[in-house]
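Content type CSV, C-alpha atoms and all ligand atoms, from the file model39.csv:
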```csv
chain,number,residue,atom,x,y,z
J,241,MET,CA,-235.1,-74.7,138.9
J,242,THR,CA,-233.1,-77.5,137.3
J,243,ALA,CA,-233.8,-77.8,133.6
J,244,ARG,CA,-234.2,-81.3,132.2
J,245,ILE,CA,-232.5,-81.8,128.9
J,246,LEU,CA,-233.0,-85.0,126.9
J,247,VAL,CA,-230.3,-85.9,124.5
J,248,MET,CA,-231.4,-88.0,121.5
J,249,PRO,CA,-228.2,-88.8,119.5
J,250,GLY,CA,-229.9,-91.0,116.8
J,251,ASP,CA,-227.9,-92.4,113.9
J,252,GLY,CA,-224.9,-91.7,111.6
J,253,VAL,CA,-222.9,-88.7,112.8
J,254,GLY,CA,-225.6,-88.0,115.4
J,255,PRO,CA,-223.9,-89.6,118.4
J,256,GLU,CA,-220.4,-88.2,117.6
J,257,ILE,CA,-221.6,-84.6,117.2
J,258,CYS,CA,-224.0,-84.8,120.2
J,259,ARG,CA,-221.0,-86.0,122.4
J,260,GLU,CA,-219.3,-82.6,121.6
J,261,ALA,CA,-222.5,-80.7,122.4
J,262,VAL,CA,-222.8,-82.5,125.7
J,263,ARG,CA,-219.3,-81.5,126.6
J,264,VAL,CA,-220.3,-77.9,125.9
J,265,LEU,CA,-223.4,-78.2,128.2
J,266,ASP,CA,-221.3,-79.9,130.9
J,267,THR,CA,-218.8,-77.0,130.7
J,268,LEU,CA,-221.5,-74.4,131.1
J,269,ALA,CA,-222.9,-76.4,134.1
J,270,THR,CA,-219.6,-76.6,135.9
J,271,ASP,CA,-218.0,-73.3,135.0
J,272,HIS,CA,-220.9,-70.9,134.3
J,273,GLY,CA,-223.6,-72.0,136.8
J,274,LEU,CA,-226.0,-73.5,134.3
J,275,ASP,CA,-228.5,-75.6,136.3
J,276,ILE,CA,-229.3,-78.6,134.1
J,277,MET,CA,-229.8,-82.3,134.3
J,278,LEU,CA,-229.0,-84.4,131.2
J,279,GLU,CA,-230.6,-87.7,130.2
J,280,GLU,CA,-230.4,-89.7,127.0
J,281,ALA,CA,-232.9,-91.7,125.0
J,282,LEU,CA,-233.0,-93.8,121.8
J,283,VAL,CA,-234.6,-92.5,118.6
J,284,GLY,CA,-234.5,-93.4,114.9
J,285,GLY,CA,-232.6,-96.3,113.5
J,286,ALA,CA,-230.8,-96.9,116.8
J,287,ALA,CA,-234.2,-97.3,118.4
J,288,ILE,CA,-235.5,-99.6,115.7
J,289,ASP,CA,-232.6,-101.9,116.1
J,290,ALA,CA,-233.1,-102.0,119.9
J,291,THR,CA,-236.9,-102.1,120.1
J,292,GLY,CA,-238.4,-102.3,116.6
J,293,ASP,CA,-239.9,-98.8,117.0
J,294,PRO,CA,-238.3,-95.5,115.9
J,295,LEU,CA,-239.9,-93.7,118.8
J,296,PRO,CA,-240.3,-96.1,121.7
J,297,GLU,CA,-242.8,-95.2,124.4
J,298,SER,CA,-240.0,-94.7,127.0
J,299,SER,CA,-238.3,-92.1,124.7
J,300,LEU,CA,-241.5,-90.3,124.0
J,301,GLU,CA,-242.2,-90.1,127.8
J,302,ALA,CA,-238.7,-88.8,128.5
J,303,ALA,CA,-239.2,-86.2,125.8
J,304,ARG,CA,-242.5,-85.1,127.3
J,305,ALA,CA,-240.9,-84.8,130.7
J,306,ALA,CA,-238.0,-82.8,129.5
J,307,ASP,CA,-237.8,-79.0,129.1
J,308,ALA,CA,-235.7,-79.3,126.0
J,309,VAL,CA,-234.6,-82.0,123.6
J,310,LEU,CA,-231.2,-82.0,121.9
J,311,PHE,CA,-231.5,-84.1,118.8
J,312,GLY,CA,-228.7,-85.4,116.7
J,313,ALA,CA,-229.8,-86.9,113.3
J,314,ILE,CA,-231.6,-90.0,112.1
J,315,GLY,CA,-231.7,-92.4,109.2
J,316,GLY,CA,-229.3,-94.2,107.0
J,317,PRO,CA,-229.1,-96.8,104.3
J,318,ALA,CA,-229.6,-99.6,106.8
J,319,TRP,CA,-233.3,-98.7,107.3
J,320,ASP,CA,-234.2,-97.2,103.8
J,321,ASP,CA,-236.2,-100.3,102.6
J,322,GLN,CA,-238.5,-100.3,105.7
J,323,PRO,CA,-242.2,-99.3,105.2
J,324,ARG,CA,-242.8,-95.6,105.8
J,325,ASP,CA,-244.0,-95.9,109.4
J,326,LYS,CA,-241.1,-98.1,110.3
J,327,ARG,CA,-238.4,-95.7,109.0
J,328,PRO,CA,-236.2,-93.7,111.4
J,329,GLU,CA,-237.6,-90.4,110.0
J,330,SER,CA,-241.2,-91.3,111.2
J,331,GLY,CA,-239.8,-91.1,114.8
J,332,LEU,CA,-239.0,-87.5,114.4
J,333,LEU,CA,-242.3,-86.6,112.7
J,334,ARG,CA,-244.2,-88.3,115.5
J,335,LEU,CA,-242.1,-86.6,118.1
J,336,ARG,CA,-242.8,-83.1,116.6
J,337,ALA,CA,-246.5,-83.9,116.4
J,338,GLU,CA,-246.7,-85.3,120.0
J,339,LEU,CA,-244.9,-82.3,121.5
J,340,ASP,CA,-247.0,-79.9,119.3
J,341,LEU,CA,-243.8,-78.2,118.1
J,342,PHE,CA,-245.5,-75.7,115.7
J,343,ALA,CA,-242.8,-73.1,115.3
J,344,ASN,CA,-239.7,-74.0,113.4
J,345,LEU,CA,-236.8,-71.5,113.7
J,346,ARG,CA,-234.1,-71.7,111.0
J,347,PRO,CA,-231.4,-69.1,111.2
J,348,ALA,CA,-229.2,-68.6,108.1
J,349,ILE,CA,-226.0,-67.0,109.5
J,350,LEU,CA,-222.8,-66.7,107.5
J,351,TYR,CA,-219.8,-66.3,109.7
J,352,PRO,CA,-217.5,-63.7,108.1
J,353,GLN,CA,-214.6,-66.2,108.3
J,354,LEU,CA,-216.5,-68.6,106.0
J,355,ALA,CA,-217.7,-66.3,103.2
J,356,HIS,CA,-215.6,-68.4,100.8
J,357,VAL,CA,-217.9,-71.4,101.1
J,358,SER,CA,-221.0,-69.6,99.9
J,359,ALA,CA,-222.2,-70.0,96.3
J,360,LEU,CA,-222.8,-66.3,96.2
J,361,LYS,CA,-220.4,-63.3,95.9
J,362,ARG,CA,-218.8,-62.3,99.1
J,363,ASP,CA,-220.4,-58.8,99.3
J,364,ILE,CA,-223.9,-60.3,98.8
J,365,VAL,CA,-223.6,-62.7,101.7
J,366,ALA,CA,-220.8,-61.6,104.2
J,367,GLY,CA,-222.5,-60.9,107.5
J,368,LEU,CA,-225.8,-62.6,106.5
J,369,ASP,CA,-228.0,-63.1,109.5
J,370,ILE,CA,-231.6,-64.1,108.7
J,371,MET,CA,-234.1,-66.0,110.8
J,372,ILE,CA,-236.8,-68.0,109.0
J,373,VAL,CA,-239.8,-68.9,111.2
J,374,ARG,CA,-241.8,-71.7,109.6
J,375,GLU,CA,-245.2,-73.0,110.7
J,376,LEU,CA,-244.6,-76.7,111.2
J,377,THR,CA,-247.8,-78.5,112.2
J,378,GLY,CA,-250.4,-77.2,109.7
J,379,GLY,CA,-251.0,-76.2,106.1
J,380,ILE,CA,-250.9,-78.4,103.1
J,381,TYR,CA,-248.8,-81.1,104.7
J,382,PHE,CA,-251.6,-82.0,107.1
J,383,GLY,CA,-254.8,-80.4,105.5
J,384,LYS,CA,-257.8,-82.7,104.9
J,385,PRO,CA,-259.1,-83.9,102.6
J,386,SER,CA,-256.1,-85.3,100.8
J,387,GLY,CA,-255.7,-88.4,98.7
J,388,MET,CA,-255.2,-90.1,95.4
J,389,HIS,CA,-257.9,-91.9,93.3
J,390,LYS,CA,-259.3,-92.5,89.8
J,391,ASN,CA,-261.6,-89.7,88.7
J,392,ALA,CA,-264.8,-90.0,86.6
J,393,ASN,CA,-262.7,-90.0,83.4
J,394,GLY,CA,-260.6,-93.0,84.7
J,395,LYS,CA,-257.6,-90.8,85.2
J,396,ARG,CA,-255.5,-90.9,88.4
J,397,GLU,CA,-256.0,-87.7,90.4
J,398,ALA,CA,-254.4,-86.6,93.6
J,399,PHE,CA,-255.0,-83.6,95.9
J,400,ASN,CA,-254.0,-81.9,99.1
J,401,THR,CA,-255.6,-79.1,101.0
J,402,MET,CA,-253.9,-76.0,102.2
J,403,ARG,CA,-255.8,-75.0,105.3
J,404,TYR,CA,-255.1,-72.7,108.2
J,405,ASP,CA,-257.5,-71.3,110.8
J,406,GLU,CA,-256.8,-67.9,112.3
J,407,GLY,CA,-255.7,-69.4,115.6
J,408,GLU,CA,-252.9,-71.4,113.9
J,409,ILE,CA,-251.8,-68.3,112.0
J,410,SER,CA,-251.8,-66.0,115.0
J,411,ARG,CA,-249.8,-68.3,117.2
J,412,ILE,CA,-247.0,-68.6,114.6
J,413,GLY,CA,-247.4,-64.9,114.0
J,414,ARG,CA,-246.9,-64.0,117.7
J,415,ALA,CA,-243.9,-66.3,117.9
J,416,ALA,CA,-242.4,-64.5,114.9
J,417,PHE,CA,-243.1,-61.0,116.1
J,418,ASP,CA,-241.5,-61.8,119.5
J,419,ILE,CA,-238.4,-63.2,117.7
J,420,ALA,CA,-238.3,-60.1,115.4
J,421,ARG,CA,-238.4,-57.9,118.5
J,422,ALA,CA,-235.4,-59.7,120.1
J,423,ARG,CA,-233.5,-59.3,116.8
J,424,GLY,CA,-233.5,-56.4,114.3
J,425,GLY,CA,-237.2,-55.3,114.7
J,426,ARG,CA,-238.2,-56.2,111.1
J,427,LEU,CA,-240.6,-59.0,110.1
J,428,CYS,CA,-241.4,-60.0,106.6
J,429,SER,CA,-244.4,-62.3,106.1
J,430,VAL,CA,-244.3,-64.4,103.0
J,431,ASP,CA,-247.5,-65.7,101.3
J,432,LYS,CA,-249.2,-66.0,98.0
J,433,ALA,CA,-252.2,-63.8,98.8
J,434,ASN,CA,-252.6,-62.8,95.1
J,435,VAL,CA,-253.7,-66.3,94.3
J,436,LEU,CA,-254.6,-68.3,97.5
J,437,ASP,CA,-257.5,-67.6,99.9
J,438,VAL,CA,-255.6,-69.2,102.7
J,439,SER,CA,-252.8,-66.7,102.1
J,440,GLN,CA,-255.2,-63.8,102.2
J,441,LEU,CA,-256.3,-64.9,105.7
J,442,TRP,CA,-252.6,-65.3,106.6
J,443,ARG,CA,-251.9,-61.7,105.5
J,444,ASP,CA,-255.0,-60.3,107.3
J,445,VAL,CA,-254.1,-62.0,110.6
J,446,MET,CA,-250.5,-60.8,110.3
J,447,ASN,CA,-251.7,-57.3,109.8
J,448,GLU,CA,-254.1,-57.5,112.8
J,449,LEU,CA,-251.2,-58.7,114.9
J,450,GLY,CA,-249.0,-55.9,113.5
J,451,ARG,CA,-251.3,-53.4,115.3
J,452,GLU,CA,-250.3,-55.0,118.6
J,453,TYR,CA,-246.6,-54.9,117.7
J,454,GLU,CA,-246.3,-51.3,116.7
J,455,ASP,CA,-242.5,-51.3,117.3
J,456,ILE,CA,-242.0,-54.0,114.6
J,457,GLU,CA,-241.8,-53.1,111.0
J,458,LEU,CA,-244.1,-55.6,109.2
J,459,THR,CA,-243.8,-56.1,105.4
J,460,HIS,CA,-245.4,-58.7,103.1
J,461,MET,CA,-243.9,-60.5,100.1
J,462,TYR,CA,-245.2,-63.0,97.7
J,463,VAL,CA,-243.3,-66.3,97.9
J,464,ASP,CA,-242.0,-66.3,94.3
J,465,ASN,CA,-240.6,-62.8,94.8
J,466,ALA,CA,-239.2,-63.9,98.2
J,467,ALA,CA,-237.3,-66.8,96.6
J,468,MET,CA,-235.8,-64.3,94.1
J,469,GLN,CA,-234.9,-61.7,96.7
J,470,LEU,CA,-233.3,-64.3,98.9
J,471,VAL,CA,-230.8,-65.1,96.2
J,472,ARG,CA,-230.5,-61.5,94.8
J,473,ALA,CA,-230.1,-59.5,98.0
J,474,PRO,CA,-230.5,-61.8,101.1
J,475,LYS,CA,-229.3,-59.2,103.6
J,476,GLN,CA,-232.6,-57.2,103.1
J,477,PHE,CA,-234.3,-59.8,105.4
J,478,ASP,CA,-234.2,-59.9,109.2
J,479,THR,CA,-236.9,-62.2,110.4
J,480,VAL,CA,-239.2,-64.0,107.9
J,481,VAL,CA,-242.5,-65.8,108.9
J,482,THR,CA,-244.2,-68.2,106.6
J,483,SER,CA,-246.3,-71.3,106.2
J,484,ASN,CA,-245.2,-74.9,106.3
J,485,LEU,CA,-244.8,-75.5,102.6
J,486,PHE,CA,-243.2,-72.1,101.7
J,487,GLY,CA,-241.0,-72.3,104.8
J,488,ASP,CA,-239.7,-75.7,103.8
J,489,VAL,CA,-238.5,-74.5,100.5
J,490,LEU,CA,-237.3,-71.0,101.6
J,491,SER,CA,-235.4,-72.3,104.6
J,492,ASP,CA,-233.4,-74.8,102.5
J,493,ALA,CA,-232.6,-72.1,100.0
J,494,ALA,CA,-231.5,-69.8,102.7
J,495,ALA,CA,-229.3,-72.5,104.2
J,496,MET,CA,-227.5,-73.0,101.0
J,497,LEU,CA,-226.7,-69.2,100.8
J,498,THR,CA,-224.3,-69.9,103.6
J,499,GLY,CA,-222.9,-73.0,101.8
J,500,SER,CA,-222.0,-74.8,105.0
J,501,ILE,CA,-224.6,-77.3,106.1
J,502,GLY,CA,-222.4,-78.3,109.0
J,503,MET,CA,-222.8,-74.9,110.6
J,504,LEU,CA,-226.6,-74.5,110.7
J,505,PRO,CA,-228.7,-75.1,113.8
J,506,SER,CA,-232.5,-75.2,114.2
J,507,ALA,CA,-235.2,-75.1,116.8
J,508,SER,CA,-238.8,-76.4,116.9
J,509,MET,CA,-240.9,-74.8,119.7
J,510,ASP,CA,-244.2,-75.3,121.4
J,511,ALA,CA,-246.4,-72.6,122.9
J,512,ASN,CA,-244.7,-72.8,126.3
J,513,GLY,CA,-241.0,-72.4,125.4
J,514,LYS,CA,-240.2,-76.0,125.2
J,515,GLY,CA,-238.1,-76.8,122.2
J,516,LEU,CA,-236.4,-79.5,120.2
J,517,TYR,CA,-233.0,-78.4,119.0
J,518,GLU,CA,-231.2,-80.1,116.1
J,519,PRO,CA,-228.7,-79.4,113.3
J,520,VAL,CA,-230.2,-78.8,109.9
J,521,HIS,CA,-228.1,-81.5,108.3
J,522,GLY,CA,-229.0,-85.2,108.3
J,523,SER,CA,-227.1,-88.2,109.6
J,524,ALA,CA,-224.4,-88.0,106.9
J,525,PRO,CA,-223.8,-91.8,106.7
J,526,ASP,CA,-221.0,-91.2,104.2
J,527,ILE,CA,-218.8,-89.7,106.9
J,528,ALA,CA,-220.2,-91.3,110.1
J,529,GLY,CA,-217.7,-92.8,112.6
J,530,GLN,CA,-214.7,-91.0,111.0
J,531,ASP,CA,-214.4,-88.1,113.5
J,532,VAL,CA,-214.6,-85.6,110.6
J,533,ALA,CA,-218.2,-84.3,110.9
J,534,ASN,CA,-218.6,-80.6,111.9
J,535,PRO,CA,-220.0,-80.4,115.4
J,536,LEU,CA,-220.8,-76.7,115.2
J,537,ALA,CA,-224.3,-77.1,113.9
J,538,VAL,CA,-225.3,-79.0,116.9
J,539,ILE,CA,-223.3,-76.8,119.2
J,540,LEU,CA,-225.0,-73.7,117.8
J,541,SER,CA,-228.3,-75.6,118.4
J,542,VAL,CA,-227.3,-75.7,122.1
J,543,ALA,CA,-226.9,-71.9,121.8
J,544,MET,CA,-230.5,-71.6,120.5
J,545,MET,CA,-231.6,-73.8,123.4
J,546,LEU,CA,-229.9,-71.5,125.8
J,547,ARG,CA,-231.6,-68.5,124.3
J,548,TYR,CA,-235.2,-69.8,123.7
J,549,THR,CA,-235.8,-72.4,126.4
J,550,LEU,CA,-233.3,-71.9,129.1
J,551,LYS,CA,-233.6,-68.1,128.9
J,552,ARG,CA,-229.9,-67.6,129.2
J,553,PRO,CA,-229.1,-65.3,126.2
J,554,ASP,CA,-225.8,-64.4,128.0
J,555,LEU,CA,-224.6,-68.0,127.7
J,556,ALA,CA,-226.0,-68.3,124.2
J,557,LYS,CA,-223.8,-65.4,123.2
J,558,LYS,CA,-220.8,-67.0,124.9
J,559,VAL,CA,-221.2,-70.2,122.9
J,560,GLU,CA,-221.7,-68.2,119.6
J,561,ASN,CA,-218.6,-66.1,120.4
J,562,ALA,CA,-216.6,-69.3,121.2
J,563,VAL,CA,-217.5,-70.6,117.7
J,564,GLY,CA,-216.3,-67.3,116.2
J,565,TYR,CA,-213.0,-67.5,118.1
J,566,ALA,CA,-212.4,-71.0,116.9
J,567,LEU,CA,-212.9,-69.9,113.3
J,568,ASP,CA,-210.7,-66.9,113.9
J,569,ARG,CA,-208.0,-69.2,115.2
J,570,GLY,CA,-208.1,-70.9,111.8
J,571,LEU,CA,-209.7,-74.2,112.9
J,572,ARG,CA,-211.8,-75.9,110.2
J,573,THR,CA,-213.5,-79.2,109.8
J,574,ARG,CA,-213.3,-80.7,106.4
J,575,ASP,CA,-216.7,-79.3,105.1
J,576,ILE,CA,-215.6,-75.7,105.7
J,577,MET,CA,-211.9,-76.1,104.9
J,578,ASP,CA,-209.9,-73.7,102.7
J,579,ASP,CA,-206.2,-73.4,102.0
J,580,GLU,CA,-203.7,-72.6,104.7
J,581,LYS,CA,-206.2,-73.3,107.5
J,582,GLN,CA,-205.8,-75.9,110.2
J,583,ILE,CA,-207.8,-79.1,109.7
J,584,ALA,CA,-209.8,-80.1,112.8
J,585,SER,CA,-211.5,-83.4,113.7
J,586,THR,CA,-215.0,-83.5,115.3
J,587,GLN,CA,-213.4,-83.9,118.7
J,588,GLU,CA,-210.8,-81.2,118.2
J,589,MET,CA,-213.4,-78.7,117.1
J,590,GLY,CA,-215.6,-79.6,120.1
J,591,GLY,CA,-212.6,-79.3,122.4
J,592,ALA,CA,-211.7,-75.9,121.0
J,593,ILE,CA,-215.2,-74.6,121.8
J,594,VAL,CA,-214.9,-76.0,125.4
J,595,ASP,CA,-211.5,-74.4,125.8
J,596,MET,CA,-212.8,-71.0,124.6
J,597,LEU,CA,-215.7,-71.3,127.1
Q,601,LIG,P1,-231.4,-86.1,105.4
Q,601,LIG,O1,-232.3,-86.8,104.4
Q,601,LIG,O2,-231.4,-86.7,106.7
Q,601,LIG,O3,-231.5,-84.6,105.4
Q,601,LIG,P2,-229.3,-86.0,103.5
Q,601,LIG,O4,-228.6,-87.2,102.9
Q,601,LIG,O5,-230.2,-85.3,102.6
Q,601,LIG,O6,-229.9,-86.5,104.8
Q,601,LIG,P3,-227.1,-85.0,105.0
Q,601,LIG,O7,-227.1,-86.2,105.8
Q,601,LIG,O8,-227.2,-83.7,105.7
Q,601,LIG,O9,-228.2,-85.0,103.9
Q,601,LIG,O10,-225.8,-85.0,104.1
Q,601,LIG,C1,-225.6,-84.2,103.0
Q,601,LIG,C2,-224.1,-84.0,102.7
Q,601,LIG,O11,-223.6,-83.1,103.7
Q,601,LIG,C3,-223.3,-85.3,102.9
Q,601,LIG,O12,-222.2,-85.3,101.9
Q,601,LIG,C4,-222.7,-85.1,104.3
Q,601,LIG,O13,-221.5,-85.8,104.4
Q,601,LIG,C5,-222.5,-83.6,104.4
Q,601,LIG,N1,-222.7,-83.3,105.9
Q,601,LIG,C6,-223.8,-83.3,106.6
Q,601,LIG,N2,-223.7,-82.9,107.8
Q,601,LIG,C7,-222.3,-82.7,108.0
Q,601,LIG,C8,-221.5,-82.2,109.0
Q,601,LIG,N3,-222.0,-82.0,110.3
Q,601,LIG,N4,-220.2,-82.1,108.8
Q,601,LIG,C9,-219.7,-82.3,107.6
Q,601,LIG,N5,-220.4,-82.7,106.5
Q,601,LIG,C10,-221.7,-82.9,106.7
Q,602,MG,MG,-232.0,-84.2,103.1
```
Write out the structure in this file as structure tokens.
Amino acid sequence: MTARILVMPGDGVGPEICREAVRVLDTLATDHGLDIMLEEALVGGAAIDATGDPLPESSLEAARAADAVLFGAIGGPAWDDQPRDKRPESGLLRLRAELDLFANLRPAILYPQLAHVSALKRDIVAGLDIMIVRELTGGIYFGKPSGMHKNANGKREAFNTMRYDEGEISRIGRAAFDIARARGGRLCSVDKANVLDVSQLWRDVMNELGREYEDIELTHMYVDNAAMQLVRAPKQFDTVVTSNLFGDVLSDAAAMLTGSIGMLPSASMDANGKGLYEPVHGSAPDIAGQDVANPLAVILSVAMMLRYTLKRPDLAKKVENAVGYALDRGLRTRDIMDDEKQIASTQEMGGAIVDML
């Protein structure tokens, strides 16, 4: 059946990098039998300028109807002084909530050719390949009650609630166990069970699931230790599963281990395999429109789409290999440049991937 893919380019470098990702998808359709139909919709600042709404109804409807969304980036200085619900970013938050995208997948992969851009020593990070699975729709970011008020002593007081029920924990747990099974077979669940009740429930549910996934090696780690271990010896991790707040912090830390924000893809999935795929980086307004942005993060997001929604791991591998070959050939966008390599524009890098395919 033809898969419907909605492209939402957004703002800043979003449109120029998405153009390269679309060339990759078109090539897979014409030369490798990928059965897809591409559509495009407005989101973010571009949608505000056109309609006054960062997520117009027509865009939301198109996203609901699609099997997968390829998302560029949103935001920029032009919209920074808007009220919170009229900012470009609120369009993405609403989209995630409306589509019930509860599982956020953030790989931290360091291509061996790029070990020089990491902040860590080469032997600690070369060949790094971690997958962080973060719960995205629950936990302290959404728990009620929350608020800010003056307490009985006349002091300002604010509070949030870290709340999960066992259903929310087991659905992210299952997603993570399945991913671990398709990868190295090891899953590390990160919590703070020595202090937080909600973490004790998290750990109990993960252990219960572990009995169903006997082939997966399940371990637990406290989040403070996990942060330390990520920097000390990151290659000990294969797949990591954690809550919304801890995952937010750990996935950004893991991203910086690779040092190259222009290389990192992500996916946000619902319970039925539908996903929103986007680069980890933002709209990069400082380099927008200059044809210098690295398109590999969004192209690698296409690879994730092929693997997790379109169920074509063979084509996912092809795209990832094409990225490896382009790096082998010495092509570098500015953000991953080192001496004696060949500087490539956004379009040249995209073109190289298409040629490899
Ligand atoms: P957001 O709040 O949307 O995450 P941000 O300002 O925190 O945005 P980015 O937009 O990701 O972060 O930009 C951070 C830095 O990384 C900028 O200097 C930007 O130019 C650079 N950068 C981001 N994406 C790319 C890319 N694809 N290629 C090259 N450089 C990039
Ligand atoms: Mg940011």
At a cut-off of 8 Å from (-223.8, -89.1, 110.8) in the coordinates of the file, what residues are picked up using all atoms listed in the file, written as a ChimeraX atom specification?
/J:251-256,313-314,522-529,533
With all atoms listed in the file as the counted atoms, please give the residues lying no more than 8 Å from Asn400 in chain J, apart from itself and same-chain residues fewer than 2 positions off, as an MDAnalysis selection string.
chainID J and resid 380:381 383:387 398 402
Those residues with C-alpha atoms, as a PDB file, in the coordinates of the input please?
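File produced: result-v5.pdb:
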```
ATOM      1  CA  ILE J 380    -250.900 -78.400 103.100  1.00  0.00           C
ATOM      2  CA  TYR J 381    -248.800 -81.100 104.700  1.00  0.00           C
ATOM      3  CA  GLY J 383    -254.800 -80.400 105.500  1.00  0.00           C
ATOM      4  CA  LYS J 384    -257.800 -82.700 104.900  1.00  0.00           C
ATOM      5  CA  PRO J 385    -259.100 -83.900 102.600  1.00  0.00           C
ATOM      6  CA  SER J 386    -256.100 -85.300 100.800  1.00  0.00           C
ATOM      7  CA  GLY J 387    -255.700 -88.400  98.700  1.00  0.00           C
ATOM      8  CA  ALA J 398    -254.400 -86.600  93.600  1.00  0.00           C
ATOM      9  CA  MET J 402    -253.900 -76.000 102.200  1.00  0.00           C
TER      10      MET J 402
END
```
Go through J:Leu360, J:Leu436, J:Val542, J:Val520 and flag the residue nearest ligand LIG 601 (chain Q), using all atoms listed in the file for the distances.
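That would be J:Val520, the residue with the smallest distance to ligand LIG 601 (chain Q).
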Taking all atoms listed in the file into account, which of J:Lys326, J:Arg547, J:Lys475, J:Arg569 comes nearest Ile419 in chain J?
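Selected residue with least distance to Ile419 in chain J: J:Arg547.
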Restricting the calculation to only C-alpha atoms, which member of J:Ala543, J:Leu490, J:Ala348, J:Val532 is positioned closest to Ala584 in chain J?
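Selected residue with least distance to Ala584 in chain J: J:Val532.
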CA of Lys551 in chain J and CA of Ala269 in chain J are how many Å apart?
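About the pair CA of Lys551 in chain J and CA of Ala269 in chain J: they are 14.5 Å apart.
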Compile the contact shell of Gln440 in chain J as an mmCIF file with C-alpha atoms, keeping the file's coordinate frame: residues with an atom at most 12 Å away, counting all atoms listed in the file, same-chain residues fewer than 3 positions apart removed.
```cif
data_model
loop_
_atom_site.group_PDB
_atom_site.id
_atom_site.type_symbol
_atom_site.label_atom_id
_atom_site.label_comp_id
_atom_site.auth_asym_id
_atom_site.auth_seq_id
_atom_site.Cartn_x
_atom_site.Cartn_y
_atom_site.Cartn_z
ATOM 1 C CA ARG J 403 -255.800 -75.000 105.300
ATOM 2 C CA TYR J 404 -255.100 -72.700 108.200
ATOM 3 C CA ASP J 405 -257.500 -71.300 110.800
ATOM 4 C CA GLU J 406 -256.800 -67.900 112.300
ATOM 5 C CA ILE J 409 -251.800 -68.300 112.000
ATOM 6 C CA SER J 429 -244.400 -62.300 106.100
ATOM 7 C CA VAL J 430 -244.300 -64.400 103.000
ATOM 8 C CA ASP J 431 -247.500 -65.700 101.300
ATOM 9 C CA LYS J 432 -249.200 -66.000 98.000
ATOM 10 C CA ALA J 433 -252.200 -63.800 98.800
ATOM 11 C CA ASN J 434 -252.600 -62.800 95.100
ATOM 12 C CA VAL J 435 -253.700 -66.300 94.300
ATOM 13 C CA LEU J 436 -254.600 -68.300 97.500
ATOM 14 C CA ASP J 437 -257.500 -67.600 99.900
ATOM 15 C CA ARG J 443 -251.900 -61.700 105.500
ATOM 16 C CA ASP J 444 -255.000 -60.300 107.300
ATOM 17 C CA VAL J 445 -254.100 -62.000 110.600
ATOM 18 C CA MET J 446 -250.500 -60.800 110.300
ATOM 19 C CA ASN J 447 -251.700 -57.300 109.800
ATOM 20 C CA HIS J 460 -245.400 -58.700 103.100
ATOM 21 C CA MET J 461 -243.900 -60.500 100.100
ATOM 22 C CA TYR J 462 -245.200 -63.000 97.700
#
```
Rank J:Leu470, J:Leu504, J:Ala392, J:Ala511 by their smallest atom-to-atom distance to ligand LIG 601 (chain Q), using only C-alpha atoms and all ligand atoms, and report the top residue only.
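Selected residue with least distance to ligand LIG 601 (chain Q): J:Leu504.
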Residue nearest Gly284 in chain J - candidates J:Val489, J:Leu300, J:Ile576, J:Ile349, atoms counted: only C-alpha atoms
J:Leu300
Edge lengths and centre in Å, axis-aligned, range 334-351 of chain J plus 5 Å each side, as JSON:
```
{"center_x": -233.4, "center_y": -77.3, "center_z": 114.5, "size_x": 37.2, "size_y": 32.0, "size_z": 24.0}
```
J:Gly379, J:Pro352, J:Gly316, J:Gly450 ranked by distance to ligand MG 602 (chain Q), top pick (using all atoms listed in the file):
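Among the listed residues, J:Gly316 lies closest to ligand MG 602 (chain Q).
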What's the separation between atom O8 of ligand LIG 601 (chain Q) and CA of Ile593 in chain J, in Å to one decimal place?
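Going from atom O8 of ligand LIG 601 (chain Q) over to CA of Ile593 in chain J covers 22.0 Å.
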Rounded to one decimal in Å, what is the spacing between CA of Arg374 in chain J and CA of Gln476 in chain J?
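Computed distance, CA of Arg374 in chain J to CA of Gln476 in chain J, equals 18.4 Å.
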Which neighbours of Val262 in chain J fall inside 9 Å, counting all atoms listed in the file, when residues of the same chain fewer than 5 positions from it are skipped, and could you give them as a ChimeraX atom specification?
/J:247,257,267,278,539,542
Dump of C-alpha atoms for the selected residues, as a short mmCIF file (atom, residue, chain, number, x, y, z; two decimals), in the coordinates of the input:
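Produced file part-v6.cif, reproduced below:
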```cif
data_model
loop_
_atom_site.label_atom_id
_atom_site.label_comp_id
_atom_site.auth_asym_id
_atom_site.auth_seq_id
_atom_site.Cartn_x
_atom_site.Cartn_y
_atom_site.Cartn_z
CA VAL J 247 -230.30 -85.90 124.50
CA ILE J 257 -221.60 -84.60 117.20
CA THR J 267 -218.80 -77.00 130.70
CA LEU J 278 -229.00 -84.40 131.20
CA ILE J 539 -223.30 -76.80 119.20
CA VAL J 542 -227.30 -75.70 122.10
#
```
Counting all atoms listed in the file, select every polymer residue within 8 Å of (-223.9, -65.5, 102.3) as defined in the file's coordinates, and provide the selection as a list in words.
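I get Ile349, Leu350, Ala355, Ser358, Ala359, Leu360, Lys361, Arg362, Ile364, Val365, Ala366, Gly367, Leu368, Pro474, Leu497, Thr498 and Gly499 of chain J for the residues within 8 Å of that point.
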For Ser299 in chain J, work out the shell of residues within 10 Å, counting all atoms listed in the file and skipping chain neighbours fewer than 3 positions away, then give it as number ranges by chain.
J: 246, 248, 280-283, 287, 294-296, 302-305, 335
